[in-house]
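Enquirer: Structure file upload_13.cif, mmCIF, C-alpha atoms, is pasted below:
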data_protein
loop_
_atom_site.label_atom_id
_atom_site.label_comp_id
_atom_site.auth_asym_id
_atom_site.auth_seq_id
_atom_site.Cartn_x
_atom_site.Cartn_y
_atom_site.Cartn_z
CA GLU A 1 -44.12 31.37 -28.96
CA ALA A 2 -41.95 31.58 -25.83
CA LEU A 3 -38.84 31.42 -28.01
CA ARG A 4 -40.17 34.21 -30.21
CA ASN A 5 -40.79 36.43 -27.17
CA VAL A 6 -37.26 35.84 -25.85
CA ARG A 7 -35.86 36.58 -29.29
CA LYS A 8 -37.78 39.87 -29.51
CA VAL A 9 -36.47 41.03 -26.14
CA SER A 10 -32.84 39.93 -26.37
CA GLY A 11 -32.02 39.78 -30.05
CA ALA A 12 -29.51 37.04 -29.19
CA THR A 13 -28.98 33.72 -30.91
CA LEU A 14 -31.20 31.14 -29.21
CA VAL A 15 -30.34 27.48 -28.71
CA CYS A 16 -32.98 24.84 -28.05
CA LYS A 17 -31.96 21.40 -26.77
CA ARG A 18 -34.01 18.49 -28.09
CA GLY A 19 -32.48 15.48 -26.37
CA PRO A 20 -31.79 12.57 -28.74
CA MET A 21 -33.11 14.73 -31.59
CA GLY A 22 -30.12 17.01 -31.20
CA ALA A 23 -30.29 20.77 -30.81
CA VAL A 24 -31.13 23.79 -32.96
CA ALA A 25 -29.90 27.38 -33.08
CA PHE A 26 -31.87 30.45 -34.27
CA GLU A 27 -29.99 33.58 -35.27
CA GLY A 28 -33.00 35.34 -36.77
CA ALA A 29 -36.77 35.10 -36.50
CA ILE A 30 -38.10 31.97 -34.85
CA PRO A 31 -39.82 29.80 -37.51
CA ASP A 32 -42.99 27.83 -37.01
CA SER A 33 -41.07 24.55 -36.93
CA LEU A 34 -38.05 23.82 -34.74
CA ASP A 35 -36.74 21.67 -37.57
CA ALA A 36 -36.15 24.86 -39.57
CA GLY A 37 -33.31 26.04 -37.30
CA GLN A 38 -29.62 25.32 -37.73
CA SER A 39 -29.34 21.86 -36.27
CA GLY A 40 -26.68 19.62 -34.76
CA PRO A 41 -27.11 15.83 -34.56
CA GLY A 42 -28.23 14.03 -31.45
CA PHE A 43 -26.64 10.85 -30.12
CA PRO A 44 -28.98 8.00 -29.17
CA ILE A 45 -27.28 6.64 -26.05
CA GLU A 46 -28.50 5.04 -22.82
CA VAL A 47 -29.32 7.57 -20.09
CA PHE A 48 -27.64 6.37 -16.92
CA ASN A 49 -27.08 9.55 -14.91
CA VAL A 50 -28.64 12.96 -15.51
CA LEU A 51 -26.28 14.98 -13.31
CA GLY A 52 -24.04 17.32 -15.27
CA ALA A 53 -25.84 16.98 -18.59
CA GLY A 54 -26.42 20.71 -18.95
CA ASP A 55 -22.88 21.65 -17.99
CA GLY A 56 -21.54 19.05 -20.40
CA PHE A 57 -23.69 20.42 -23.19
CA MET A 58 -22.52 23.96 -22.43
CA SER A 59 -18.84 22.92 -22.42
CA GLY A 60 -19.17 21.58 -25.95
CA LEU A 61 -21.17 24.61 -27.04
CA LEU A 62 -18.56 27.02 -25.70
CA LYS A 63 -15.74 25.04 -27.33
CA GLY A 64 -17.36 25.35 -30.75
CA TRP A 65 -18.41 28.96 -30.29
CA LEU A 66 -15.01 30.13 -29.03
CA ASP A 67 -13.29 28.31 -31.90
CA GLY A 68 -15.51 30.07 -34.42
CA GLU A 69 -17.20 26.92 -35.67
CA ASP A 70 -20.56 27.09 -37.47
CA TRP A 71 -23.69 26.28 -35.49
CA PRO A 72 -24.17 22.69 -36.75
CA THR A 73 -20.60 21.82 -35.69
CA THR A 74 -20.91 23.68 -32.38
CA LEU A 75 -24.17 21.89 -31.57
CA LYS A 76 -22.60 18.57 -32.51
CA TYR A 77 -19.90 19.18 -29.88
CA ALA A 78 -22.52 20.21 -27.32
CA ASN A 79 -24.78 17.21 -27.88
CA ALA A 80 -21.89 14.76 -27.75
CA CYS A 81 -20.55 16.19 -24.47
CA GLY A 82 -24.03 15.99 -22.98
CA ALA A 83 -24.33 12.39 -24.16
CA PHE A 84 -21.07 11.45 -22.45
CA ALA A 85 -22.29 13.01 -19.20
CA VAL A 86 -25.58 11.13 -19.06
CA SER A 87 -24.19 7.75 -20.14
CA ARG A 88 -21.45 7.68 -17.49
CA HIS A 89 -21.27 8.05 -13.75
CA GLY A 90 -19.57 10.99 -12.12
CA CYS A 91 -20.64 14.27 -13.75
CA THR A 92 -17.47 16.29 -14.48
CA PRO A 93 -15.09 13.25 -14.66
CA ALA A 94 -17.36 11.85 -17.39
CA TYR A 95 -16.76 14.72 -19.82
CA PRO A 96 -14.60 13.77 -22.81
CA SER A 97 -11.17 15.07 -23.68
CA TRP A 98 -10.77 16.70 -27.09
CA GLU A 99 -8.95 13.65 -28.47
CA GLU A 100 -11.64 11.38 -27.06
CA LEU A 101 -14.36 13.47 -28.68
CA GLN A 102 -12.68 13.17 -32.10
CA TYR A 103 -12.30 9.41 -31.61
CA PHE A 104 -16.02 9.18 -30.80
CA PHE A 105 -16.99 11.12 -33.94
CA GLU A 106 -14.73 9.06 -36.19
CA ARG A 107 -15.68 5.66 -34.84
CA GLY A 108 -19.34 6.25 -33.99
CA ILE A 109 -21.49 4.64 -31.32
CA GLN A 110 -20.56 0.99 -30.82
CA ARG A 111 -22.79 0.51 -27.79
CA LYS A 112 -25.27 2.91 -26.23
CA ASP A 113 -23.99 2.50 -22.67
CA LEU A 114 -20.80 4.45 -23.29
CA ARG A 115 -19.38 3.66 -19.86
CA ASN A 116 -19.15 -0.01 -20.86
CA ASP A 117 -17.47 0.63 -24.21
CA ALA A 118 -13.98 -0.69 -23.39
CA ALA A 119 -12.20 1.00 -26.29
CA LEU A 120 -13.82 4.37 -25.61
CA GLU A 121 -13.14 4.11 -21.88
CA GLN A 122 -9.48 3.38 -22.61
CA VAL A 123 -9.21 6.56 -24.70
CA HIS A 124 -10.98 8.47 -21.93
CA TRP A 125 -8.55 7.16 -19.33
CA ALA A 126 -5.42 7.64 -21.40
CA THR A 127 -6.21 11.18 -22.50
CA ASN A 128 -7.07 12.41 -19.01
CA ARG A 129 -3.94 11.22 -17.19
CA LYS A 130 -2.02 13.92 -15.35
CA GLY A 131 1.66 14.78 -15.41
CA ASP A 132 4.42 14.89 -17.99
CA TRP A 133 6.53 11.75 -17.71
CA SER A 134 8.13 11.84 -21.15
CA SER A 135 11.47 11.23 -19.44
CA MET A 136 11.91 8.63 -16.69
CA ARG A 137 14.99 8.17 -14.50
CA VAL A 138 13.79 5.81 -11.79
CA PHE A 139 15.77 4.59 -8.78
CA ALA A 140 14.21 1.22 -7.93
CA PHE A 141 14.56 0.12 -4.32
CA ASP A 142 11.31 -1.82 -4.07
CA HIS A 143 13.37 -4.99 -3.63
CA ARG A 144 12.27 -7.02 -0.66
CA SER A 145 13.61 -10.59 -0.80
CA GLN A 146 17.01 -9.40 -2.11
CA MET A 147 17.45 -7.10 0.88
CA GLU A 148 16.09 -9.65 3.34
CA GLU A 149 18.79 -12.09 2.24
CA MET A 150 21.64 -9.66 3.01
CA ALA A 151 23.81 -10.36 6.02
CA GLY A 152 22.72 -8.31 9.03
CA ALA A 153 19.39 -7.29 7.51
CA THR A 154 16.26 -6.97 9.65
CA PRO A 155 12.89 -5.46 8.68
CA GLU A 156 13.74 -2.36 10.73
CA LYS A 157 17.15 -1.94 9.13
CA ILE A 158 15.76 -2.45 5.65
CA GLY A 159 13.15 0.22 6.31
CA ALA A 160 15.83 2.62 7.50
CA PHE A 161 18.02 1.86 4.48
CA LYS A 162 15.16 2.55 2.08
CA GLN A 163 14.88 6.02 3.62
CA LEU A 164 18.55 6.50 2.73
CA CYS A 165 17.71 5.41 -0.83
CA LEU A 166 15.02 8.09 -0.95
CA ARG A 167 17.51 10.70 0.26
CA ALA A 168 19.87 9.71 -2.56
CA ALA A 169 17.08 9.92 -5.12
CA GLN A 170 16.03 13.37 -3.91
CA GLU A 171 19.63 14.59 -3.90
CA VAL A 172 20.02 13.69 -7.57
CA ALA A 173 16.57 14.84 -8.63
CA ALA A 174 16.97 18.19 -6.86
CA GLY A 175 13.34 19.04 -7.49
CA GLN A 176 13.58 18.53 -11.25
CA GLY A 177 10.97 16.67 -13.28
CA GLY A 178 11.60 13.30 -14.89
CA TYR A 179 12.87 11.48 -11.79
CA GLY A 180 11.18 8.77 -9.78
CA ILE A 181 11.38 5.84 -7.39
CA LEU A 182 10.05 2.34 -6.99
CA CYS A 183 9.41 1.63 -3.31
CA ASP A 184 7.29 -0.96 -1.54
CA GLY A 185 4.76 -0.41 1.23
CA ARG A 186 5.78 -3.34 3.45
CA LEU A 187 9.46 -2.84 4.23
CA GLY A 188 9.72 0.66 2.78
CA ARG A 189 6.55 2.21 4.13
CA GLU A 190 8.18 5.22 5.80
CA ALA A 191 10.23 6.07 2.70
CA LEU A 192 7.10 5.67 0.58
CA TYR A 193 5.18 8.12 2.78
CA ARG A 194 8.04 10.62 2.81
CA ALA A 195 8.22 10.58 -0.99
CA GLU A 196 4.68 11.92 -1.28
CA GLY A 197 4.47 15.52 -2.43
CA THR A 198 8.13 15.73 -3.46
CA GLY A 199 7.49 15.73 -7.21
CA LEU A 200 8.97 12.27 -7.73
CA TRP A 201 7.17 9.70 -9.85
CA ILE A 202 6.25 6.89 -7.44
CA GLY A 203 5.78 3.26 -8.38
CA ARG A 204 4.71 0.75 -5.72
CA PRO A 205 4.97 -3.05 -6.17
CA VAL A 206 2.13 -5.39 -5.35
CA GLU A 207 3.48 -8.84 -6.28
CA TRP A 208 4.73 -11.23 -3.61
CA PRO A 209 8.47 -11.42 -4.38
CA GLY A 210 9.40 -14.29 -6.67
CA SER A 211 5.90 -15.75 -6.81
CA ARG A 212 4.99 -17.89 -9.81
CA PRO A 213 2.09 -18.18 -10.41
CA LEU A 214 1.65 -14.58 -9.37
CA MET A 215 0.55 -13.83 -5.80
CA LEU A 216 0.01 -10.40 -4.27
CA GLU A 217 1.20 -8.73 -1.07
CA PRO A 218 -1.25 -9.60 1.75
CA GLU A 219 -1.86 -5.92 2.56
CA LEU A 220 -3.99 -5.64 -0.60
CA GLY A 221 -6.61 -8.01 0.79
CA PRO A 222 -8.44 -10.87 -0.96
CA ASP A 223 -10.47 -8.45 -3.11
CA ILE A 224 -7.46 -6.17 -3.80
CA GLY A 225 -9.49 -3.51 -2.01
CA GLY A 226 -6.36 -2.17 -0.33
CA LEU A 227 -5.70 -0.11 -3.45
CA LYS A 228 -8.52 2.21 -2.38
CA GLU A 229 -6.23 3.56 0.35
CA TRP A 230 -3.40 4.47 -2.03
CA PRO A 231 -2.69 8.09 -3.01
CA ARG A 232 -3.71 8.74 -6.61
CA ASP A 233 -0.16 9.57 -7.68
CA GLN A 234 1.19 6.12 -6.81
CA VAL A 235 1.49 3.70 -9.73
CA VAL A 236 0.56 0.05 -9.21
CA LYS A 237 3.59 -1.98 -10.28
CA CYS A 238 3.34 -5.73 -10.88
CA LEU A 239 6.11 -8.13 -11.88
CA CYS A 240 4.80 -11.26 -13.56
CA PHE A 241 7.22 -14.07 -14.40
CA CYS A 242 5.69 -15.55 -17.54
CA HIS A 243 6.75 -17.07 -20.85
CA PRO A 244 4.86 -18.03 -24.03
CA GLU A 245 5.73 -21.69 -23.43
CA ASP A 246 4.15 -21.79 -19.95
CA ASP A 247 1.51 -24.50 -19.58
CA ALA A 248 -2.18 -23.64 -19.77
CA GLU A 249 -2.74 -23.94 -16.02
CA THR A 250 0.08 -21.52 -15.20
CA TRP A 251 -1.13 -19.02 -17.80
CA ALA A 252 -4.70 -19.22 -16.54
CA ALA A 253 -3.62 -18.44 -12.97
CA GLN A 254 -1.32 -15.60 -14.04
CA GLU A 255 -3.87 -14.03 -16.40
CA GLU A 256 -6.66 -14.19 -13.83
CA MET A 257 -4.55 -12.39 -11.24
CA VAL A 258 -3.20 -9.72 -13.60
CA LEU A 259 -6.68 -8.99 -14.96
CA ARG A 260 -8.12 -8.70 -11.44
CA LEU A 261 -5.30 -6.38 -10.44
CA PHE A 262 -5.60 -4.20 -13.54
CA THR A 263 -9.37 -3.90 -13.04
CA ALA A 264 -8.94 -2.98 -9.37
CA ALA A 265 -6.31 -0.36 -10.23
CA ARG A 266 -8.61 1.30 -12.76
CA ARG A 267 -11.51 1.22 -10.32
CA SER A 268 -9.32 3.04 -7.80
CA GLY A 269 -8.10 5.59 -10.36
CA LEU A 270 -4.49 4.35 -10.26
CA GLU A 271 -2.07 3.93 -13.14
CA PHE A 272 -0.74 0.43 -13.77
CA LEU A 273 2.78 -0.73 -14.65
CA LEU A 274 3.27 -4.31 -15.82
CA GLU A 275 6.76 -5.81 -15.71
CA VAL A 276 7.54 -9.02 -17.58
CA ILE A 277 10.90 -10.85 -17.65
CA PRO A 278 10.50 -13.97 -19.82
CA SER A 279 14.25 -14.67 -19.78
CA LYS A 280 14.01 -15.57 -16.08
CA VAL A 281 11.60 -18.39 -16.98
CA ALA A 282 12.97 -20.00 -20.15
CA PRO A 283 15.12 -19.24 -23.21
CA VAL A 284 14.00 -16.28 -25.29
CA ASP A 285 14.34 -14.97 -28.83
CA ASP A 286 13.46 -11.70 -30.56
CA GLU A 287 9.73 -12.51 -30.56
CA THR A 288 9.28 -13.81 -27.01
CA THR A 289 8.42 -10.60 -25.14
CA ALA A 290 6.22 -9.38 -28.00
CA GLN A 291 4.19 -12.58 -27.67
CA VAL A 292 3.72 -12.00 -23.93
CA ILE A 293 2.69 -8.37 -24.51
CA ARG A 294 0.08 -9.33 -27.11
CA ARG A 295 -1.33 -11.99 -24.82
CA PHE A 296 -2.02 -9.50 -22.05
CA TYR A 297 -3.61 -7.01 -24.45
CA ALA A 298 -5.86 -9.79 -25.80
CA LEU A 299 -6.96 -10.34 -22.21
CA GLY A 300 -8.09 -6.71 -21.98
CA VAL A 301 -5.17 -5.45 -19.89
CA CYS A 302 -3.88 -2.06 -21.07
CA PRO A 303 -0.95 -1.04 -18.84
CA ASP A 304 -0.11 2.63 -18.57
CA TRP A 305 3.53 1.55 -18.35
CA TRP A 306 5.57 -1.45 -19.40
CA LYS A 307 8.78 -2.41 -17.62
CA LEU A 308 10.89 -4.60 -19.88
CA GLU A 309 14.28 -6.24 -19.71
CA PRO A 310 17.17 -4.81 -21.77
CA PHE A 311 17.01 -6.69 -25.07
CA ARG A 312 20.23 -7.60 -26.82
CA THR A 313 18.99 -6.98 -30.36
CA GLU A 314 17.31 -4.16 -32.26
CA ALA A 315 14.80 -6.68 -33.60
CA ALA A 316 13.59 -7.63 -30.12
CA TRP A 317 13.05 -3.98 -29.26
CA ALA A 318 11.27 -3.26 -32.53
CA ARG A 319 8.90 -6.19 -32.10
CA ALA A 320 8.09 -5.40 -28.47
CA VAL A 321 7.37 -1.76 -29.33
CA ALA A 322 5.20 -2.79 -32.29
CA ALA A 323 3.19 -5.16 -30.08
CA ILE A 324 2.43 -2.29 -27.71
CA GLU A 325 1.67 0.40 -30.27
CA GLU A 326 -0.63 -1.75 -32.37
CA ASN A 327 -2.77 -2.41 -29.29
CA ASP A 328 -2.50 0.90 -27.40
CA PRO A 329 -1.16 3.96 -29.24
CA ARG A 330 -1.70 6.06 -26.10
CA THR A 331 0.39 4.13 -23.58
CA ARG A 332 2.68 6.17 -21.33
CA GLY A 333 5.66 4.14 -22.54
CA ILE A 334 8.36 1.72 -21.46
CA VAL A 335 11.05 1.81 -18.77
CA VAL A 336 13.97 -0.57 -19.12
CA LEU A 337 15.12 -2.51 -16.07
CA GLY A 338 18.68 -3.24 -15.00
CA LEU A 339 18.84 -6.89 -13.81
CA ASP A 340 21.79 -6.00 -11.54
CA ALA A 341 24.03 -5.40 -14.57
CA PRO A 342 27.31 -3.47 -14.19
CA GLU A 343 27.36 0.14 -15.33
CA ALA A 344 29.27 -0.59 -18.56
CA GLU A 345 26.71 -3.19 -19.61
CA LEU A 346 23.86 -0.86 -18.73
CA ALA A 347 25.39 1.87 -20.87
CA GLU A 348 25.32 -0.49 -23.85
CA SER A 349 21.72 -1.54 -23.22
CA PHE A 350 20.64 2.08 -22.69
CA ALA A 351 22.11 3.05 -26.06
CA ARG A 352 20.07 0.33 -27.75
CA ALA A 353 16.85 1.10 -25.85
CA ALA A 354 17.12 4.87 -26.35
CA ARG A 355 16.69 4.41 -30.10
CA GLN A 356 13.04 3.55 -29.43
CA PRO A 357 10.97 6.71 -28.72
CA LEU A 358 8.48 4.64 -26.74
CA VAL A 359 11.22 3.86 -24.18
CA LYS A 360 11.04 6.81 -21.78
CA GLY A 361 13.89 5.86 -19.48
CA PHE A 362 15.09 3.32 -16.95
CA ALA A 363 14.16 1.78 -13.61
CA VAL A 364 17.34 0.39 -12.06
CA GLY A 365 17.97 -0.78 -8.50
CA ARG A 366 20.77 -3.11 -7.41
CA THR A 367 23.35 -1.52 -9.69
CA ILE A 368 22.75 1.63 -7.63
CA PHE A 369 22.16 0.34 -4.10
CA GLY A 370 23.63 -3.19 -3.99
CA ASP A 371 27.13 -2.45 -2.72
CA ALA A 372 25.97 0.30 -0.37
CA ALA A 373 23.25 -1.91 1.10
CA ARG A 374 25.59 -4.80 1.85
CA ALA A 375 28.17 -2.49 3.43
CA TRP A 376 25.60 -0.53 5.43
CA MET A 377 23.80 -3.64 6.71
CA GLY A 378 27.15 -4.92 7.91
CA GLY A 379 28.03 -1.68 9.66
CA ALA A 380 30.97 -0.90 7.37
CA ILE A 381 29.72 2.52 6.18
CA SER A 382 27.69 5.36 7.69
CA ASP A 383 24.32 6.74 6.58
CA GLY A 384 26.00 9.65 4.84
CA GLU A 385 28.48 7.41 3.03
CA ALA A 386 25.68 5.13 1.84
CA VAL A 387 23.66 8.08 0.54
CA GLY A 388 26.72 9.56 -1.16
CA GLN A 389 27.64 6.31 -2.88
CA MET A 390 24.11 5.68 -4.14
CA ALA A 391 23.60 9.28 -5.26
CA ALA A 392 26.83 9.13 -7.26
CA ARG A 393 25.84 5.91 -9.02
CA TYR A 394 22.31 7.10 -9.67
CA ALA A 395 23.59 10.40 -11.08
CA THR A 396 26.00 8.52 -13.33
CA LEU A 397 23.22 6.35 -14.73
CA CYS A 398 21.06 9.42 -15.32
CA LYS A 399 23.89 10.98 -17.33
CA VAL A 400 24.41 7.76 -19.27
CA TRP A 401 20.72 7.62 -20.15
CA ASP A 402 20.53 11.29 -21.10
CA ALA A 403 23.58 10.86 -23.35
CA ALA A 404 22.06 7.77 -24.96
CA ARG A 405 18.81 9.59 -25.66
CA ALA A 406 20.62 12.62 -27.06
CA GLY A 407 22.71 10.36 -29.29
CA ALA A 408 19.64 8.56 -30.56
CA ARG A 409 17.95 11.85 -31.42
CA GLU A 410 21.05 13.09 -33.24
CA ALA A 411 21.25 9.89 -35.27
CA ALA A 412 17.57 10.16 -36.22
CA ALA A 413 17.80 13.84 -37.22
#
Would you write the structure of this file as structure tokens?
Expert:
Amino acid sequence: EALRNVRKVSGATLVCKRGPMGAVAFEGAIPDSLDAGQSGPGFPIEVFNVLGAGDGFMSGLLKGWLDGEDWPTTLKYANACGAFAVSRHGCTPAYPSWEELQYFFERGIQRKDLRNDAALEQVHWATNRKGDWSSMRVFAFDHRSQMEEMAGATPEKIGAFKQLCLRAAQEVAAGQGGYGILCDGRLGREALYRAEGTGLWIGRPVEWPGSRPLMLEPELGPDIGGLKEWPRDQVVKCLCFCHPEDDAETWAAQEEMVLRLFTAARRSGLEFLLEVIPSKVAPVDDETTAQVIRRFYALGVCPDWWKLEPFRTEAAWARAVAAIEENDPRTRGIVVLGLDAPEAELAESFARAARQPLVKGFAVGRTIFGDAARAWMGGAISDGEAVGQMAARYATLCKVWDAARAGAREAAA
């Protein structure tokens, strides 16, 4: 009767929410039974948190109404958005993206506690990431042991040199998108802090240099809780030296650490980059890296980024890309590393990598900074000369990559 009175006064379409029974809309006279209205299905999920349920419902309702959908479809959107809100923690962050909503409709409810549905949570995470990083030109100066081994190097001098690396990166980027750095928080802390807010993509390593089995930098703490202090725009980067032929004990230790790290990164709202270089462990063939990739996905690790070595064959690239896409079609992509190769060799590897759309760019370090670092540590060149030399090499590599990508697109057209 209350609905009838509202209808008489307003003349508007009325919507009545019915919880797990869905919702109904009345455009005309209110019938004796609510079942006689235009209905949208409900979603029987576990109620975990009631905050934001109404706003979630309204967001779905407005989406359908503004798109001109019929009432059953509009109410379906509304009920689903409300269901996401109450089955997750966090109110607004729990609301689904459009792609996530379609995935939910197509696949259906696999478990009623949506927040613990790993596949659904992965879609939620991947479709709510911020920033356009479809092109990646990354100057990597996160090297620690390599710089520590240079003649004349001290922790203070390394920290100062990494600030020069940042200056070179900023000079080349010139405020444009698609540029980034890899910088550590132990020896390069000041450069890392200064990079914040500059528009650069920032990756930050967590592995203890050269460790195998994998160990982490002490600053992260035994529970990896140090990630909670990181800015949200810094990407957790981990290099794991692993190979399919590693013994069971080594694999168990490596997998346990990578899974803990990945879980901690997600809990802290940070993207995760996993770097694997099997060729540094044992001989490789076209299938080796693909095997490693599949093993980590089987573990439940879904990196936002992969950092892979420059393969020498098209088959190796094709198999690595297939291993990623069959497990996570929404990954950010791949960056190819340099392995201290000369520029001519990098140009060849870039041309091969650029043929794969999933490869977004490069992350190269010693080819850019190696000579400048050795000369600067030894007092042979000034700050300005070091910056100029590194900026020139970085700019050259950026041009080489851009040309390789353009060539690949032309060939595919």
Enquirer: Would you mind reading off the distance between CA of Glu171 (chain A) and CA of Val359 (chain A), one decimal, in Å?
Expert: 24.4 Å
Enquirer: CA of Ala322 (chain A) to CA of Ala140 (chain A): how many Å, to one decimal?
Expert: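 That distance, rounded to one decimal, is 26.3 Å.
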Enquirer: Counting only C-alpha atoms, what is within 8 Å of region 39-56 of chain A, bar same-chain residues fewer than 5 positions away, as an MDAnalysis selection string?
Expert: chainID A and resid 19:25 71:76 78:92 95 111:114
Enquirer: Which neighbours of Phe369 (chain A) fall inside 10 Å, counting only C-alpha atoms, when residues of the same chain fewer than 4 positions from it are skipped, and could you give them as a list in words?
Expert: Phe139, Ala140, Phe141, Phe161, Lys162, Leu164, Cys165, Ala168, Asp340, Val364, Gly365, Ala373, Arg374, Ala386, Val387, Gln389, Met390, Ala391, Arg393 and Tyr394 of chain A
Enquirer: Going by the chain IDs and residue numbers used in this file, which residues fall under the PyMOL selection byres ((chain A and resi 324) around 9)? Write them as a PDB file with C-alpha atoms, in the coordinates of the input.
Expert:
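Writing the result to result-v3.pdb gives the following:
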ATOM      1  CA  ALA A 290       6.220  -9.380 -28.000  1.00  0.00           C
ATOM      2  CA  ILE A 293       2.690  -8.370 -24.510  1.00  0.00           C
ATOM      3  CA  ARG A 294       0.080  -9.330 -27.110  1.00  0.00           C
ATOM      4  CA  TYR A 297      -3.610  -7.010 -24.450  1.00  0.00           C
ATOM      5  CA  TRP A 306       5.570  -1.450 -19.400  1.00  0.00           C
ATOM      6  CA  ARG A 319       8.900  -6.190 -32.100  1.00  0.00           C
ATOM      7  CA  ALA A 320       8.090  -5.400 -28.470  1.00  0.00           C
ATOM      8  CA  VAL A 321       7.370  -1.760 -29.330  1.00  0.00           C
ATOM      9  CA  ALA A 322       5.200  -2.790 -32.290  1.00  0.00           C
ATOM     10  CA  ALA A 323       3.190  -5.160 -30.080  1.00  0.00           C
ATOM     11  CA  GLU A 325       1.670   0.400 -30.270  1.00  0.00           C
ATOM     12  CA  GLU A 326      -0.630  -1.750 -32.370  1.00  0.00           C
ATOM     13  CA  ASN A 327      -2.770  -2.410 -29.290  1.00  0.00           C
ATOM     14  CA  ASP A 328      -2.500   0.900 -27.400  1.00  0.00           C
ATOM     15  CA  PRO A 329      -1.160   3.960 -29.240  1.00  0.00           C
ATOM     16  CA  THR A 331       0.390   4.130 -23.580  1.00  0.00           C
ATOM     17  CA  GLY A 333       5.660   4.140 -22.540  1.00  0.00           C
TER      18      GLY A 333
END
Enquirer: Could you name the residues that touch Ala252 (chain A) at 12 Å or less, counting all atoms listed in the file, but leaving out those on the same chain fewer than 4 positions away, as a list in words?
Expert: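 Returned residues: Arg212, Pro213, Leu214, Cys242, Asp246, Asp247, Ala248, Glu256, Met257, Val258, Leu259, Arg295, Phe296 and Leu299 of chain A.
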Enquirer: Between A:Glu271, A:Glu190, A:Glu100, A:Glu287, which one has atoms that come closest to Thr313 (chain A), using all atoms listed in the file?
Expert: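 The answer is A:Glu287, which sits nearest to Thr313 (chain A).
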Enquirer: Using all atoms listed in the file, find each residue in region 253-339 of chain A having at least one atom no more than 9 Å away from region 350-356 of chain A; report its shortest atom-to-atom pair and that distance in Å (one decimal), rows by chain then rising number, as a tab-separated table.
Expert:
residue	atom	partner	partner_atom	distance
A:Pro310	CA	A:Ala353	CA	7.2
A:Phe311	CA	A:Ala353	CA	7.8
A:Arg312	CA	A:Arg352	CA	8.0
A:Thr313	CA	A:Arg352	CA	7.8
A:Glu314	CA	A:Arg352	CA	6.9
A:Trp317	CA	A:Ala353	CA	7.2
A:Ala318	CA	A:Gln356	CA	7.7
A:Val321	CA	A:Gln356	CA	7.8
A:Val336	CA	A:Ala353	CA	7.5
Enquirer: Figure out the distance between CA of Arg366 (chain A) and CA of Phe262 (chain A), please, to one decimal in Å.
Expert: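 Spanning CA of Phe262 (chain A) to CA of Arg366 (chain A) is a straight-line distance of 27.1 Å.
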Enquirer: Give the answer as one residue: which of A:Arg260, A:Arg18, A:Lys307, A:Arg232 has the shortest atom-to-atom distance to Val276 (chain A), using only C-alpha atoms?
Expert: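 For Val276 (chain A), the nearest of the given residues is A:Lys307.
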Enquirer: Suppose a student applies the PyMOL selection byres ((chain A and resi 101) around 10) to this structure; what residues should they get, written as number ranges by chain?
Expert: A: 60, 77, 80-81, 84, 95-100, 102-106, 120, 123-124
Enquirer: Could you list, as a PyMOL selection string, every residue matched by the PyMOL selection byres ((chain A and resi 229) around 12) in this structure?
Expert: chain A and resi 185+219-221+224-228+230-234+265+268-270
Enquirer: Need the shell around Thr288 (chain A): protein/DNA/RNA residues with any atom at most 8 Å away, counting all atoms listed in the file. Skip same-chain ones fewer than 5 positions apart. Format as a list in words?
Expert: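 Near Thr288 (chain A), the qualifying residues are His243, Pro244 and Pro278 of chain A.
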Enquirer: I need the residue nearest Lys360 (chain A) from this list: A:Glu245, A:Asp402, A:Glu156, A:Glu410. Use all atoms listed in the file for the distance.
Expert: A:Asp402
Enquirer: Can you work out which one of A:Met58, A:Leu308, A:Cys238, A:Met377 has the shortest atom-to-atom distance to Glu148 (chain A), counting only C-alpha atoms?
Expert: A:Met377
